[in-house]
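Everything on this sheet refers to the single structure shown next.
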Amino acid sequence: MPGPLPSARHEAWMDAALREAERALATADVPIGAVIVGPNGQLLATGRNEREAVGDPTAHAEVVAIRAAAAALGSWRLDGCTLVVTLEPCAMCAGAIVLARIPRVVFGAWDEKAGAAGSVFDVLRERRLNHWVEVFPGVRQVESAALLQRFFSAQRA
């Protein structure tokens with residue numbers, strides 16, 4: 001499902017998320033990176049996939065970044081923040097985004113197998129839930145997808 005048009009700030013914030021994705025490669029984790037930007041545009045938190053690194057199935061980039069942002073703010077409510085992630089959030093991450101009250105999500109590549117921001121499910125804009133999220137899809141999509149394709153090609157080789 002298409003969303004509103006991204007801004008130049010979204011493109012710039014995706015740089016930081018792509019850097020986090022690259023860092024995940026050092027621990028053999030799927031290269032997905034996320035950042036959370038505060039209401040004033042300041043970088044609050046970063047996260048990358050750490051499932052392999054820490055042996056935690058919930059250590060997705062988004063969840064790691066949400067935990068760090070909540071700690072930085074001293075609140076579980078991330079009102080006014082923007083989450084930027086290199087891959088469309090899955091159902092677990094989309095649920096965490098809704099529960100954290102994050103109003104905006106910017107993502108790079110679509111996840112046609114497990115995405116929950118418009119491809120397979122649309123948890124972020126589900127009107128039956130108590131919070132809805134503005135979604136900016138496809139920001140730096142080619143770069144985000146290429147990083148994942150290189151990783152999975154190497155896994156199959």
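The chains in the structure tokens are called A, B, ... from first to last as shown; in each chain the residues are counted from 1, and the ligands are counted from 1 in the order shown.
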
Which residues of segment 119-156 of chain A come within 10 Å of segment 75-89 of chain A, and what is each one's closest atom pair and distance in Å (one decimal), counting only C-alpha atoms, sorted by chain and residue number, as JSON lines?
```
{"residue": "A:Ser119", "atom": "CA", "partner": "A:Glu88", "partner_atom": "CA", "distance": 8.5}
{"residue": "A:Asp122", "atom": "CA", "partner": "A:Pro89", "partner_atom": "CA", "distance": 9.9}
{"residue": "A:Val123", "atom": "CA", "partner": "A:Pro89", "partner_atom": "CA", "distance": 9.5}
{"residue": "A:Leu124", "atom": "CA", "partner": "A:Pro89", "partner_atom": "CA", "distance": 9.2}
{"residue": "A:Val133", "atom": "CA", "partner": "A:Thr82", "partner_atom": "CA", "distance": 9.8}
{"residue": "A:Glu134", "atom": "CA", "partner": "A:Thr82", "partner_atom": "CA", "distance": 9.5}
{"residue": "A:Val135", "atom": "CA", "partner": "A:Leu83", "partner_atom": "CA", "distance": 9.8}
{"residue": "A:Phe136", "atom": "CA", "partner": "A:Val84", "partner_atom": "CA", "distance": 9.2}
{"residue": "A:Pro137", "atom": "CA", "partner": "A:Glu88", "partner_atom": "CA", "distance": 7.7}
{"residue": "A:Gly138", "atom": "CA", "partner": "A:Glu88", "partner_atom": "CA", "distance": 8.8}
{"residue": "A:Val139", "atom": "CA", "partner": "A:Thr86", "partner_atom": "CA", "distance": 8.3}
{"residue": "A:Arg140", "atom": "CA", "partner": "A:Thr86", "partner_atom": "CA", "distance": 8.1}
{"residue": "A:Gln141", "atom": "CA", "partner": "A:Thr86", "partner_atom": "CA", "distance": 7.8}
{"residue": "A:Glu143", "atom": "CA", "partner": "A:Thr86", "partner_atom": "CA", "distance": 8.8}
{"residue": "A:Ser144", "atom": "CA", "partner": "A:Thr86", "partner_atom": "CA", "distance": 5.5}
{"residue": "A:Ala145", "atom": "CA", "partner": "A:Leu87", "partner_atom": "CA", "distance": 7.9}
{"residue": "A:Leu147", "atom": "CA", "partner": "A:Thr86", "partner_atom": "CA", "distance": 9.4}
{"residue": "A:Leu148", "atom": "CA", "partner": "A:Leu87", "partner_atom": "CA", "distance": 9.0}
```

Notebook entry, point to check: Taking the backbone alone, and naming residues the way the document does, which bits of chain A are strand (DSSP E) by DSSP, as a ChimeraX atom specification?
Noted result: /A:33-37,43-48,82-87,104-109,134-136

Listing only residues of segment 24-74 of chain A within 10 Å of segment 90-109 of chain A, what is the closest atom pair and its distance in Å (to one decimal) for each, using only C-alpha atoms, sorted by chain and residue number ascending, as CSV?
```
residue,atom,partner,partner_atom,distance
A:Ile32,CA,A:Gly108,CA,9.9
A:Ala34,CA,A:Phe107,CA,8.9
A:Val35,CA,A:Val106,CA,9.9
A:Ile36,CA,A:Val105,CA,9.3
A:Val37,CA,A:Arg104,CA,9.9
A:Thr58,CA,A:Met92,CA,8.1
A:Ala59,CA,A:Cys93,CA,9.9
A:His60,CA,A:Cys93,CA,7.5
A:Ala61,CA,A:Cys93,CA,8.7
A:Glu62,CA,A:Cys93,CA,6.2
A:Val63,CA,A:Cys93,CA,6.3
A:Val64,CA,A:Cys93,CA,10.0
A:Ile66,CA,A:Ala100,CA,7.7
A:Arg67,CA,A:Ala100,CA,9.6
A:Ala70,CA,A:Ala100,CA,8.5
```

Notebook entry, point to check: Quick one: of A:Leu43, A:Val54, A:Ala146, A:Ala69, who's nearest to Leu18 of chain A, counting only C-alpha atoms?
Noted result: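 The closest residue to Leu18 of chain A is A:Ala146.
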
Checklist line | Of the listed residues A:Arg125, A:Ser153, A:Asp111, A:Asn49, that which approaches Glu22 of chain A most closely, counting only C-alpha atoms | finding: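 Using only C-alpha atoms, Glu22 of chain A sits closest to A:Asn49.
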
Next item on the list: List every residue of chain A that DSSP, applied to the backbone, labels as alpha helix (DSSP H), and write the result as an MDAnalysis selection string.
Entry: chainID A and resid 8:24 51:54 61:73 91:99 141:156

Item checked: Residues near Ala21 of chain A, cut-off 6 Å, only C-alpha atoms, skip fewer than 4 positions along chain, as a list in words -> Pro31, Ile32, Gly33 and Arg48 of chain A

Which residues are near Ala65 of chain A? Cut-off 6 Å, only C-alpha atoms, ignore same chain within fewer than 4 positions. Put them as an mmCIF file with N, CA, C and O atoms, in the first residue's frame.
```cif
data_model
loop_
_atom_site.group_PDB
_atom_site.id
_atom_site.type_symbol
_atom_site.label_atom_id
_atom_site.label_comp_id
_atom_site.auth_asym_id
_atom_site.auth_seq_id
_atom_site.Cartn_x
_atom_site.Cartn_y
_atom_site.Cartn_z
ATOM 1 N N ALA A 45 18.059 7.068 19.122
ATOM 2 C CA ALA A 45 18.470 5.681 19.337
ATOM 3 C C ALA A 45 18.730 4.996 18.008
ATOM 4 O O ALA A 45 18.185 5.381 16.974
ATOM 5 N N THR A 46 19.573 3.978 18.081
ATOM 6 C CA THR A 46 19.843 3.140 16.917
ATOM 7 C C THR A 46 19.618 1.688 17.306
ATOM 8 O O THR A 46 19.625 1.335 18.491
ATOM 9 N N GLY A 47 19.421 0.867 16.299
ATOM 10 C CA GLY A 47 19.286 -0.568 16.532
ATOM 11 C C GLY A 47 19.603 -1.316 15.259
ATOM 12 O O GLY A 47 19.468 -0.778 14.159
#
```

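Take atom CA of Gly55 of chain A and atom CA of Arg150 of chain A: the distance between them is 23.0 Å.
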